[in-house]
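> What follows is target.cif, made up of mmCIF, C-alpha atoms:
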```
data_my_file
#
loop_
_atom_site.label_atom_id
_atom_site.label_comp_id
_atom_site.auth_asym_id
_atom_site.auth_seq_id
_atom_site.Cartn_x
_atom_site.Cartn_y
_atom_site.Cartn_z
CA MET A 8 4.64 -3.21 -132.08
CA LEU A 9 1.25 -4.39 -130.90
CA GLY A 10 0.68 -6.09 -134.26
CA PHE A 11 4.01 -7.88 -133.89
CA VAL A 12 3.06 -9.15 -130.44
CA ILE A 13 -0.36 -10.32 -131.66
CA CYS A 14 1.21 -12.11 -134.63
CA ARG A 15 3.81 -13.76 -132.43
CA VAL A 16 1.18 -14.99 -129.96
CA VAL A 17 -1.05 -16.26 -132.76
CA VAL A 18 1.78 -18.08 -134.55
CA SER A 19 3.29 -19.77 -131.49
CA SER A 20 0.04 -20.85 -129.80
CA LYS A 21 -2.09 -23.93 -130.33
CA PHE A 22 -4.34 -21.74 -132.46
CA GLY A 23 -1.38 -20.97 -134.72
CA LYS A 24 -0.49 -24.63 -135.03
CA VAL A 25 -4.06 -25.40 -136.12
CA LEU A 26 -3.82 -22.62 -138.70
CA VAL A 27 -0.62 -24.11 -140.09
CA ALA A 28 -2.35 -27.49 -140.24
CA ILE A 29 -5.27 -25.92 -142.12
CA ARG A 30 -2.86 -24.31 -144.55
CA ASP A 31 -0.96 -27.53 -145.16
CA ALA A 32 -3.77 -30.09 -145.15
CA GLU A 33 -7.26 -28.68 -144.72
CA ALA A 34 -9.09 -31.98 -145.19
CA ARG A 35 -6.86 -33.75 -142.65
CA THR A 36 -7.40 -30.99 -140.11
CA ARG A 37 -11.15 -31.24 -140.61
CA PHE A 38 -10.92 -35.02 -140.18
CA LEU A 39 -9.16 -34.50 -136.85
CA GLY A 40 -12.26 -32.68 -135.60
CA TYR A 41 -11.38 -29.01 -135.99
CA ARG A 42 -14.00 -26.66 -137.42
CA VAL A 43 -11.96 -25.23 -140.26
CA GLU A 44 -14.58 -22.64 -141.24
CA ALA A 45 -14.61 -21.17 -137.72
CA TYR A 46 -10.81 -20.87 -137.70
CA LYS A 47 -10.80 -19.24 -141.14
CA LEU A 48 -13.51 -16.80 -140.14
CA LEU A 49 -11.60 -15.81 -137.02
CA VAL A 50 -8.35 -15.35 -138.94
CA PHE A 51 -9.99 -13.24 -141.65
CA THR A 52 -11.65 -11.10 -138.97
CA LEU A 53 -8.36 -10.67 -137.11
CA SER A 54 -6.52 -9.74 -140.30
CA ALA A 55 -9.26 -7.26 -141.25
CA CYS A 56 -8.98 -5.64 -137.82
CA MET A 57 -5.20 -5.39 -138.12
CA ALA A 58 -5.52 -3.93 -141.64
CA GLY A 59 -8.04 -1.38 -140.35
CA VAL A 60 -5.72 -0.31 -137.55
CA ALA A 61 -2.81 -0.09 -140.02
CA GLY A 62 -4.90 2.06 -142.34
CA ALA A 63 -6.00 4.31 -139.48
CA LEU A 64 -2.36 4.81 -138.50
CA TYR A 65 -1.26 5.34 -142.11
CA VAL A 66 -3.57 8.27 -142.83
CA PRO A 67 -2.07 10.64 -140.22
CA GLN A 68 1.41 9.64 -141.40
CA VAL A 69 0.88 10.67 -145.04
CA GLY A 70 -1.72 13.36 -144.41
CA ILE A 71 -4.11 12.51 -147.23
CA ILE A 72 -5.32 9.40 -148.98
CA ASN A 73 -6.09 9.40 -152.68
CA PRO A 74 -6.86 6.59 -155.14
CA SER A 75 -3.23 6.32 -156.27
CA GLU A 76 -2.40 4.82 -152.86
CA PHE A 77 -4.30 1.71 -153.93
CA SER A 78 -2.49 1.18 -157.22
CA PRO A 79 -1.39 -2.33 -158.19
CA GLY A 80 2.24 -1.23 -157.95
CA ASN A 81 1.96 -0.79 -154.19
CA SER A 82 0.46 -4.26 -153.77
CA ILE A 83 3.13 -5.81 -155.96
CA GLU A 84 5.79 -4.02 -153.93
CA ALA A 85 4.41 -5.55 -150.73
CA VAL A 86 4.56 -9.01 -152.31
CA ILE A 87 8.19 -8.35 -153.26
CA TRP A 88 8.95 -7.35 -149.64
CA VAL A 89 7.83 -10.77 -148.50
CA ALA A 90 9.61 -12.58 -151.35
CA VAL A 91 12.92 -10.83 -150.62
CA GLY A 92 12.75 -11.25 -146.85
CA GLY A 93 11.28 -14.72 -146.74
CA ARG A 94 7.81 -16.19 -146.76
CA GLY A 95 6.37 -17.64 -143.61
CA THR A 96 8.42 -15.52 -141.24
CA LEU A 97 7.49 -12.20 -139.70
CA THR A 98 11.12 -11.10 -139.51
CA GLY A 99 11.53 -11.93 -143.21
CA ALA A 100 8.70 -9.61 -144.21
CA VAL A 101 10.11 -6.81 -142.05
CA LEU A 102 13.63 -7.30 -143.39
CA GLY A 103 12.34 -7.39 -146.97
CA ALA A 104 10.35 -4.19 -146.43
CA VAL A 105 13.39 -2.39 -145.02
CA LEU A 106 15.72 -3.54 -147.82
CA VAL A 107 13.30 -2.86 -150.67
CA ASN A 108 12.36 0.56 -149.32
CA TYR A 109 16.04 1.42 -148.88
CA GLY A 110 16.58 0.41 -152.51
CA LYS A 111 13.57 2.49 -153.53
CA THR A 112 15.01 5.51 -151.75
CA TYR A 113 18.35 5.00 -153.50
CA PHE A 114 17.04 4.26 -156.99
CA THR A 115 14.22 6.82 -157.16
CA SER A 116 16.50 9.79 -156.60
CA GLY A 117 18.47 11.19 -159.49
CA VAL A 118 18.91 9.75 -162.96
CA LEU A 119 17.92 6.21 -161.95
CA ALA A 120 14.32 7.17 -161.07
CA PRO A 121 12.72 5.97 -164.34
CA TYR A 122 14.29 2.54 -163.93
CA TRP A 123 12.98 1.74 -160.43
CA LEU A 124 10.18 -0.52 -161.66
CA PHE A 125 12.66 -2.44 -163.81
CA VAL A 126 14.97 -2.85 -160.82
CA LEU A 127 12.01 -4.01 -158.72
CA GLY A 128 10.98 -6.56 -161.34
CA GLY A 129 14.56 -7.78 -161.72
CA LEU A 130 14.87 -8.09 -157.96
CA PHE A 131 11.72 -10.21 -157.83
CA VAL A 132 12.93 -12.50 -160.62
CA ALA A 133 16.39 -12.82 -159.06
CA VAL A 134 15.03 -13.61 -155.61
CA THR A 135 12.56 -16.12 -157.04
CA LEU A 136 15.29 -17.94 -158.97
CA LEU A 137 18.26 -17.63 -156.62
CA LEU A 138 16.67 -17.41 -153.15
CA PRO A 139 13.25 -19.10 -153.38
CA ARG A 140 12.88 -18.99 -149.58
CA GLY A 141 14.01 -15.37 -149.29
CA ILE A 142 16.89 -14.11 -147.18
CA VAL A 143 15.64 -15.27 -143.78
CA GLY A 144 14.43 -18.63 -145.11
CA THR A 145 17.78 -19.28 -146.78
CA ILE A 146 19.66 -18.37 -143.59
CA HIS A 147 17.44 -20.75 -141.58
CA GLN A 148 17.98 -23.52 -144.14
CA ARG A 149 21.77 -23.08 -144.17
CA TRP A 150 21.83 -23.01 -140.34
CA ARG A 151 19.83 -26.25 -140.20
CA GLU A 152 22.14 -27.92 -142.74
CA TRP A 153 25.21 -26.79 -140.83
CA ARG A 154 23.83 -28.14 -137.54
CA GLU A 155 22.92 -31.46 -139.18
CA ARG A 156 26.41 -31.79 -140.69
CA ARG A 157 27.98 -30.92 -137.38
CA GLY A 158 25.78 -33.43 -135.57
CA ALA A 159 26.45 -36.13 -138.17
CA ALA A 160 30.20 -35.57 -137.88
CA ALA A 161 30.00 -35.94 -134.11
CA ARG A 162 28.09 -39.23 -134.40
CA VAL A 163 30.51 -40.85 -136.89
CA PRO A 164 33.09 -42.92 -135.01
CA HIS A 165 36.66 -42.11 -135.80
CA ALA A 166 38.30 -44.68 -138.02
CA THR A 167 41.38 -46.34 -136.64
CA PRO A 168 44.20 -47.02 -139.08
CA ARG A 169 44.62 -50.69 -139.93
CA ALA A 170 47.90 -52.38 -139.25
CA ALA A 171 49.98 -53.03 -142.31
CA GLU A 172 49.52 -56.58 -143.53
#
```
Reformat the file's structure so that it appears as structure tokens.

Amino acid sequence: MLGFVICRVVVSSKFGKVLVAIRDAEARTRFLGYRVEAYKLLVFTLSACMAGVAGALYVPQVGIINPSEFSPGNSIEAVIWVAVGGRGTLTGAVLGAVLVNYGKTYFTSGVLAPYWLFVLGGLFVAVTLLLPRGIVGTIHQRWREWRERRGAAARVPHATPRAAE
């Protein structure tokens, strides 16, 4: 919860806007007078602190940490969470994590267990091809399009029928 609040404050503040500007056009942001290196250093430090806290909270949850916890499969799964939910949104990553972990719970029990990695790979390919912005990004895009269409329809004057000539 604290991480969510910190992320929300960082994203919606002036600091967050500068970070978005650095992501989109680093040279332009530097030209505007911002010290890009200082912002990057602060963000990397903040993310390292958040990762450290997450790791400290993870150990009591699972009881023991072994090298298999750091396998590439776990990292790939986290990337798929974000791809399914939607990049660039915190709610998208959370939604993706919930959906993918629910699917993992369903597919890793019973006879489907050996096929989980194939399902995960297929899910990633399907989301990349069909929903490139993820679930939340696609919903936001459709909502924007609907509002634009609705606004455009309200601005168009109604045509009056012409008298028969």
> Quick one: pull the distance between atom CA of Gln68 of chain A and atom CA of Val143 of chain A, Å, one decimal.
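Calculated distance between atom CA of Gln68 of chain A and atom CA of Val143 of chain A is 28.8 Å.
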> Given the PyMOL selection byres ((chain A and resi 99) around 12) and the file above, list the residues it selects as a PDB file with C-alpha atoms, in the coordinates of the input.

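Okay, selection.pdb is ready:
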```
ATOM      1  CA  VAL A  86       4.560  -9.010-152.310  1.00  0.00           C
ATOM      2  CA  ILE A  87       8.190  -8.350-153.260  1.00  0.00           C
ATOM      3  CA  TRP A  88       8.950  -7.350-149.640  1.00  0.00           C
ATOM      4  CA  VAL A  89       7.830 -10.770-148.500  1.00  0.00           C
ATOM      5  CA  ALA A  90       9.610 -12.580-151.350  1.00  0.00           C
ATOM      6  CA  VAL A  91      12.920 -10.830-150.620  1.00  0.00           C
ATOM      7  CA  GLY A  92      12.750 -11.250-146.850  1.00  0.00           C
ATOM      8  CA  GLY A  93      11.280 -14.720-146.740  1.00  0.00           C
ATOM      9  CA  ARG A  94       7.810 -16.190-146.760  1.00  0.00           C
ATOM     10  CA  GLY A  95       6.370 -17.640-143.610  1.00  0.00           C
ATOM     11  CA  THR A  96       8.420 -15.520-141.240  1.00  0.00           C
ATOM     12  CA  LEU A  97       7.490 -12.200-139.700  1.00  0.00           C
ATOM     13  CA  THR A  98      11.120 -11.100-139.510  1.00  0.00           C
ATOM     14  CA  ALA A 100       8.700  -9.610-144.210  1.00  0.00           C
ATOM     15  CA  VAL A 101      10.110  -6.810-142.050  1.00  0.00           C
ATOM     16  CA  LEU A 102      13.630  -7.300-143.390  1.00  0.00           C
ATOM     17  CA  GLY A 103      12.340  -7.390-146.970  1.00  0.00           C
ATOM     18  CA  ALA A 104      10.350  -4.190-146.430  1.00  0.00           C
ATOM     19  CA  VAL A 105      13.390  -2.390-145.020  1.00  0.00           C
ATOM     20  CA  LEU A 106      15.720  -3.540-147.820  1.00  0.00           C
ATOM     21  CA  VAL A 107      13.300  -2.860-150.670  1.00  0.00           C
ATOM     22  CA  ARG A 140      12.880 -18.990-149.580  1.00  0.00           C
ATOM     23  CA  GLY A 141      14.010 -15.370-149.290  1.00  0.00           C
ATOM     24  CA  ILE A 142      16.890 -14.110-147.180  1.00  0.00           C
ATOM     25  CA  VAL A 143      15.640 -15.270-143.780  1.00  0.00           C
ATOM     26  CA  GLY A 144      14.430 -18.630-145.110  1.00  0.00           C
ATOM     27  CA  THR A 145      17.780 -19.280-146.780  1.00  0.00           C
ATOM     28  CA  ILE A 146      19.660 -18.370-143.590  1.00  0.00           C
ATOM     29  CA  HIS A 147      17.440 -20.750-141.580  1.00  0.00           C
TER      30      HIS A 147
END
```
> Could you tell me which of A:Val27, A:Ala63, A:Lys47, A:Leu127 comes closest to Ala85 of chain A if we count only C-alpha atoms?
A:Leu127
> Could I get the residues of segment 57-99 of chain A with an atom no further than 12 Å from an atom of segment 50-53 of chain A, each paired with its nearest atom pair and that distance in Å to one decimal, using only C-alpha atoms, sorted by chain and residue number, as a tab-separated table?

```
residue	atom	partner	partner_atom	distance
A:Met57	CA	A:Leu53	CA	6.2
A:Ala58	CA	A:Leu53	CA	8.6
A:Gly59	CA	A:Leu53	CA	9.8
A:Val60	CA	A:Leu53	CA	10.7
```
> Would you list the contacts of Lys24 of chain A as a ChimeraX atom specification, taking every protein, DNA or RNA residue within 12 Å and counting only C-alpha atoms, but skipping same-chain residues closer than 5 positions in sequence?
/A:15-19,29-32,36,41,46
> Between atom CA of Thr112 of chain A and atom CA of Val126 of chain A, what is the distance, to one decimal in Å?
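That distance, rounded to one decimal, is 12.3 Å.
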> Report the residues retrieved by the PyMOL selection byres ((chain A and resi 124) around 12) from the displayed file, expressed as a ChimeraX atom specification.
/A:80-81,83-84,87,107,110-111,114-115,119-123,125-131
> Calculate how many Å separate atom CA of Leu136 of chain A from atom CA of Ser82 of chain A, rounding to one decimal.
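So the answer is 20.8 Å.
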> First collect every listed atom of segment 113-121 of chain A; then fit an axis-aligned box around them, widen it by 8 Å on each side, and give centre and edge lengths in Å to one decimal, as AutoDock Vina command-line options.

```
--center_x 15.8 --center_y 7.7 --center_z -158.9 --size_x 22.2 --size_y 22.9 --size_z 26.8
```
> Can we get segment 115-159 of chain A of that structure written down with N, CA and C atoms, as a PDB file, in the first residue's frame?

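Generated file (result.pdb):
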```pdb
ATOM      1  N   THR A 115      -1.685 -24.854 -13.312  1.00  0.00           N
ATOM      2  CA  THR A 115      -0.627 -25.674 -12.720  1.00  0.00           C
ATOM      3  C   THR A 115      -1.154 -26.747 -11.785  1.00  0.00           C
ATOM      4  N   SER A 116      -2.452 -26.892 -11.701  1.00  0.00           N
ATOM      5  CA  SER A 116      -3.012 -27.980 -10.899  1.00  0.00           C
ATOM      6  C   SER A 116      -3.631 -29.008 -11.839  1.00  0.00           C
ATOM      7  N   GLY A 117      -3.303 -30.248 -11.629  1.00  0.00           N
ATOM      8  CA  GLY A 117      -3.897 -31.309 -12.429  1.00  0.00           C
ATOM      9  C   GLY A 117      -3.070 -31.649 -13.663  1.00  0.00           C
ATOM     10  N   VAL A 118      -3.774 -32.092 -14.691  1.00  0.00           N
ATOM     11  CA  VAL A 118      -3.107 -32.599 -15.890  1.00  0.00           C
ATOM     12  C   VAL A 118      -2.534 -31.488 -16.761  1.00  0.00           C
ATOM     13  N   LEU A 119      -2.941 -30.254 -16.539  1.00  0.00           N
ATOM     14  CA  LEU A 119      -2.458 -29.149 -17.364  1.00  0.00           C
ATOM     15  C   LEU A 119      -1.139 -28.557 -16.882  1.00  0.00           C
ATOM     16  N   ALA A 120      -0.601 -29.052 -15.774  1.00  0.00           N
ATOM     17  CA  ALA A 120       0.608 -28.483 -15.179  1.00  0.00           C
ATOM     18  C   ALA A 120       1.797 -28.423 -16.131  1.00  0.00           C
ATOM     19  N   PRO A 121       2.070 -29.456 -16.934  1.00  0.00           N
ATOM     20  CA  PRO A 121       3.249 -29.371 -17.813  1.00  0.00           C
ATOM     21  C   PRO A 121       3.108 -28.327 -18.922  1.00  0.00           C
ATOM     22  N   TYR A 122       1.911 -27.864 -19.163  1.00  0.00           N
ATOM     23  CA  TYR A 122       1.681 -26.949 -20.283  1.00  0.00           C
ATOM     24  C   TYR A 122       1.610 -25.475 -19.870  1.00  0.00           C
ATOM     25  N   TRP A 123       1.871 -25.182 -18.589  1.00  0.00           N
ATOM     26  CA  TRP A 123       1.737 -23.811 -18.111  1.00  0.00           C
ATOM     27  C   TRP A 123       2.660 -22.858 -18.853  1.00  0.00           C
ATOM     28  N   LEU A 124       3.907 -23.233 -19.081  1.00  0.00           N
ATOM     29  CA  LEU A 124       4.827 -22.333 -19.764  1.00  0.00           C
ATOM     30  C   LEU A 124       4.390 -22.080 -21.207  1.00  0.00           C
ATOM     31  N   PHE A 125       3.781 -23.085 -21.844  1.00  0.00           N
ATOM     32  CA  PHE A 125       3.257 -22.879 -23.195  1.00  0.00           C
ATOM     33  C   PHE A 125       2.071 -21.911 -23.180  1.00  0.00           C
ATOM     34  N   VAL A 126       1.221 -22.063 -22.168  1.00  0.00           N
ATOM     35  CA  VAL A 126       0.077 -21.150 -22.026  1.00  0.00           C
ATOM     36  C   VAL A 126       0.581 -19.734 -21.768  1.00  0.00           C
ATOM     37  N   LEU A 127       1.597 -19.601 -20.932  1.00  0.00           N
ATOM     38  CA  LEU A 127       2.160 -18.291 -20.622  1.00  0.00           C
ATOM     39  C   LEU A 127       2.761 -17.644 -21.873  1.00  0.00           C
ATOM     40  N   GLY A 128       3.502 -18.416 -22.643  1.00  0.00           N
ATOM     41  CA  GLY A 128       4.067 -17.902 -23.890  1.00  0.00           C
ATOM     42  C   GLY A 128       2.986 -17.525 -24.888  1.00  0.00           C
ATOM     43  N   GLY A 129       1.960 -18.370 -25.014  1.00  0.00           N
ATOM     44  CA  GLY A 129       0.847 -18.057 -25.908  1.00  0.00           C
ATOM     45  C   GLY A 129       0.091 -16.817 -25.475  1.00  0.00           C
ATOM     46  N   LEU A 130      -0.064 -16.657 -24.170  1.00  0.00           N
ATOM     47  CA  LEU A 130      -0.723 -15.463 -23.639  1.00  0.00           C
ATOM     48  C   LEU A 130       0.068 -14.210 -23.990  1.00  0.00           C
ATOM     49  N   PHE A 131       1.392 -14.280 -23.856  1.00  0.00           N
ATOM     50  CA  PHE A 131       2.234 -13.130 -24.181  1.00  0.00           C
ATOM     51  C   PHE A 131       2.138 -12.778 -25.656  1.00  0.00           C
ATOM     52  N   VAL A 132       2.180 -13.784 -26.522  1.00  0.00           N
ATOM     53  CA  VAL A 132       2.080 -13.535 -27.963  1.00  0.00           C
ATOM     54  C   VAL A 132       0.704 -12.968 -28.303  1.00  0.00           C
ATOM     55  N   ALA A 133      -0.345 -13.543 -27.730  1.00  0.00           N
ATOM     56  CA  ALA A 133      -1.701 -13.065 -28.016  1.00  0.00           C
ATOM     57  C   ALA A 133      -1.903 -11.634 -27.552  1.00  0.00           C
ATOM     58  N   VAL A 134      -1.431 -11.317 -26.369  1.00  0.00           N
ATOM     59  CA  VAL A 134      -1.585  -9.953 -25.854  1.00  0.00           C
ATOM     60  C   VAL A 134      -0.773  -8.979 -26.701  1.00  0.00           C
ATOM     61  N   THR A 135       0.430  -9.378 -27.093  1.00  0.00           N
ATOM     62  CA  THR A 135       1.270  -8.498 -27.903  1.00  0.00           C
ATOM     63  C   THR A 135       0.620  -8.211 -29.252  1.00  0.00           C
ATOM     64  N   LEU A 136      -0.003  -9.210 -29.849  1.00  0.00           N
ATOM     65  CA  LEU A 136      -0.615  -9.024 -31.170  1.00  0.00           C
ATOM     66  C   LEU A 136      -1.999  -8.391 -31.102  1.00  0.00           C
ATOM     67  N   LEU A 137      -2.817  -8.825 -30.155  1.00  0.00           N
ATOM     68  CA  LEU A 137      -4.213  -8.388 -30.123  1.00  0.00           C
ATOM     69  C   LEU A 137      -4.460  -7.171 -29.232  1.00  0.00           C
ATOM     70  N   LEU A 138      -3.738  -7.069 -28.137  1.00  0.00           N
ATOM     71  CA  LEU A 138      -3.901  -5.949 -27.200  1.00  0.00           C
ATOM     72  C   LEU A 138      -2.535  -5.337 -26.914  1.00  0.00           C
ATOM     73  N   PRO A 139      -1.938  -4.612 -27.850  1.00  0.00           N
ATOM     74  CA  PRO A 139      -0.581  -4.112 -27.626  1.00  0.00           C
ATOM     75  C   PRO A 139      -0.462  -3.154 -26.445  1.00  0.00           C
ATOM     76  N   ARG A 140      -1.561  -2.541 -26.034  1.00  0.00           N
ATOM     77  CA  ARG A 140      -1.526  -1.649 -24.867  1.00  0.00           C
ATOM     78  C   ARG A 140      -1.961  -2.346 -23.595  1.00  0.00           C
ATOM     79  N   GLY A 141      -2.272  -3.616 -23.646  1.00  0.00           N
ATOM     80  CA  GLY A 141      -2.745  -4.346 -22.484  1.00  0.00           C
ATOM     81  C   GLY A 141      -4.222  -4.086 -22.251  1.00  0.00           C
ATOM     82  N   ILE A 142      -4.761  -4.660 -21.217  1.00  0.00           N
ATOM     83  CA  ILE A 142      -6.188  -4.538 -20.924  1.00  0.00           C
ATOM     84  C   ILE A 142      -6.547  -3.113 -20.527  1.00  0.00           C
ATOM     85  N   VAL A 143      -5.843  -2.561 -19.561  1.00  0.00           N
ATOM     86  CA  VAL A 143      -6.159  -1.214 -19.074  1.00  0.00           C
ATOM     87  C   VAL A 143      -5.902  -0.170 -20.159  1.00  0.00           C
ATOM     88  N   GLY A 144      -4.804  -0.312 -20.890  1.00  0.00           N
ATOM     89  CA  GLY A 144      -4.507   0.639 -21.967  1.00  0.00           C
ATOM     90  C   GLY A 144      -5.551   0.605 -23.066  1.00  0.00           C
ATOM     91  N   THR A 145      -6.042  -0.585 -23.400  1.00  0.00           N
ATOM     92  CA  THR A 145      -7.080  -0.709 -24.420  1.00  0.00           C
ATOM     93  C   THR A 145      -8.393  -0.103 -23.932  1.00  0.00           C
ATOM     94  N   ILE A 146      -8.729  -0.315 -22.666  1.00  0.00           N
ATOM     95  CA  ILE A 146      -9.949   0.280 -22.110  1.00  0.00           C
ATOM     96  C   ILE A 146      -9.852   1.805 -22.139  1.00  0.00           C
ATOM     97  N   HIS A 147      -8.692   2.347 -21.754  1.00  0.00           N
ATOM     98  CA  HIS A 147      -8.505   3.806 -21.792  1.00  0.00           C
ATOM     99  C   HIS A 147      -8.627   4.334 -23.224  1.00  0.00           C
ATOM    100  N   GLN A 148      -8.038   3.618 -24.180  1.00  0.00           N
ATOM    101  CA  GLN A 148      -8.104   4.052 -25.572  1.00  0.00           C
ATOM    102  C   GLN A 148      -9.541   4.029 -26.086  1.00  0.00           C
ATOM    103  N   ARG A 149     -10.258   2.957 -25.814  1.00  0.00           N
ATOM    104  CA  ARG A 149     -11.655   2.867 -26.269  1.00  0.00           C
ATOM    105  C   ARG A 149     -12.510   3.964 -25.614  1.00  0.00           C
ATOM    106  N   TRP A 150     -12.275   4.239 -24.343  1.00  0.00           N
ATOM    107  CA  TRP A 150     -13.016   5.283 -23.629  1.00  0.00           C
ATOM    108  C   TRP A 150     -12.760   6.643 -24.264  1.00  0.00           C
ATOM    109  N   ARG A 151     -11.483   6.922 -24.576  1.00  0.00           N
ATOM    110  CA  ARG A 151     -11.132   8.183 -25.233  1.00  0.00           C
ATOM    111  C   ARG A 151     -11.810   8.300 -26.592  1.00  0.00           C
ATOM    112  N   GLU A 152     -11.776   7.229 -27.380  1.00  0.00           N
ATOM    113  CA  GLU A 152     -12.414   7.241 -28.701  1.00  0.00           C
ATOM    114  C   GLU A 152     -13.913   7.461 -28.576  1.00  0.00           C
ATOM    115  N   TRP A 153     -14.530   6.819 -27.608  1.00  0.00           N
ATOM    116  CA  TRP A 153     -15.972   6.969 -27.420  1.00  0.00           C
ATOM    117  C   TRP A 153     -16.315   8.409 -27.048  1.00  0.00           C
ATOM    118  N   ARG A 154     -15.508   8.997 -26.140  1.00  0.00           N
ATOM    119  CA  ARG A 154     -15.766  10.387 -25.745  1.00  0.00           C
ATOM    120  C   ARG A 154     -15.546  11.345 -26.905  1.00  0.00           C
ATOM    121  N   GLU A 155     -14.538  11.092 -27.738  1.00  0.00           N
ATOM    122  CA  GLU A 155     -14.300  11.947 -28.898  1.00  0.00           C
ATOM    123  C   GLU A 155     -15.446  11.840 -29.894  1.00  0.00           C
ATOM    124  N   ARG A 156     -15.929  10.622 -30.134  1.00  0.00           N
ATOM    125  CA  ARG A 156     -17.061  10.441 -31.057  1.00  0.00           C
ATOM    126  C   ARG A 156     -18.306  11.127 -30.520  1.00  0.00           C
ATOM    127  N   ARG A 157     -18.523  10.969 -29.227  1.00  0.00           N
ATOM    128  CA  ARG A 157     -19.687  11.603 -28.613  1.00  0.00           C
ATOM    129  C   ARG A 157     -19.582  13.117 -28.688  1.00  0.00           C
ATOM    130  N   GLY A 158     -18.389  13.652 -28.443  1.00  0.00           N
ATOM    131  CA  GLY A 158     -18.186  15.093 -28.522  1.00  0.00           C
ATOM    132  C   GLY A 158     -18.300  15.599 -29.946  1.00  0.00           C
ATOM    133  N   ALA A 159     -17.791  14.833 -30.910  1.00  0.00           N
ATOM    134  CA  ALA A 159     -17.885  15.234 -32.317  1.00  0.00           C
ATOM    135  C   ALA A 159     -19.337  15.215 -32.781  1.00  0.00           C
TER     136      ALA A 159
END
```
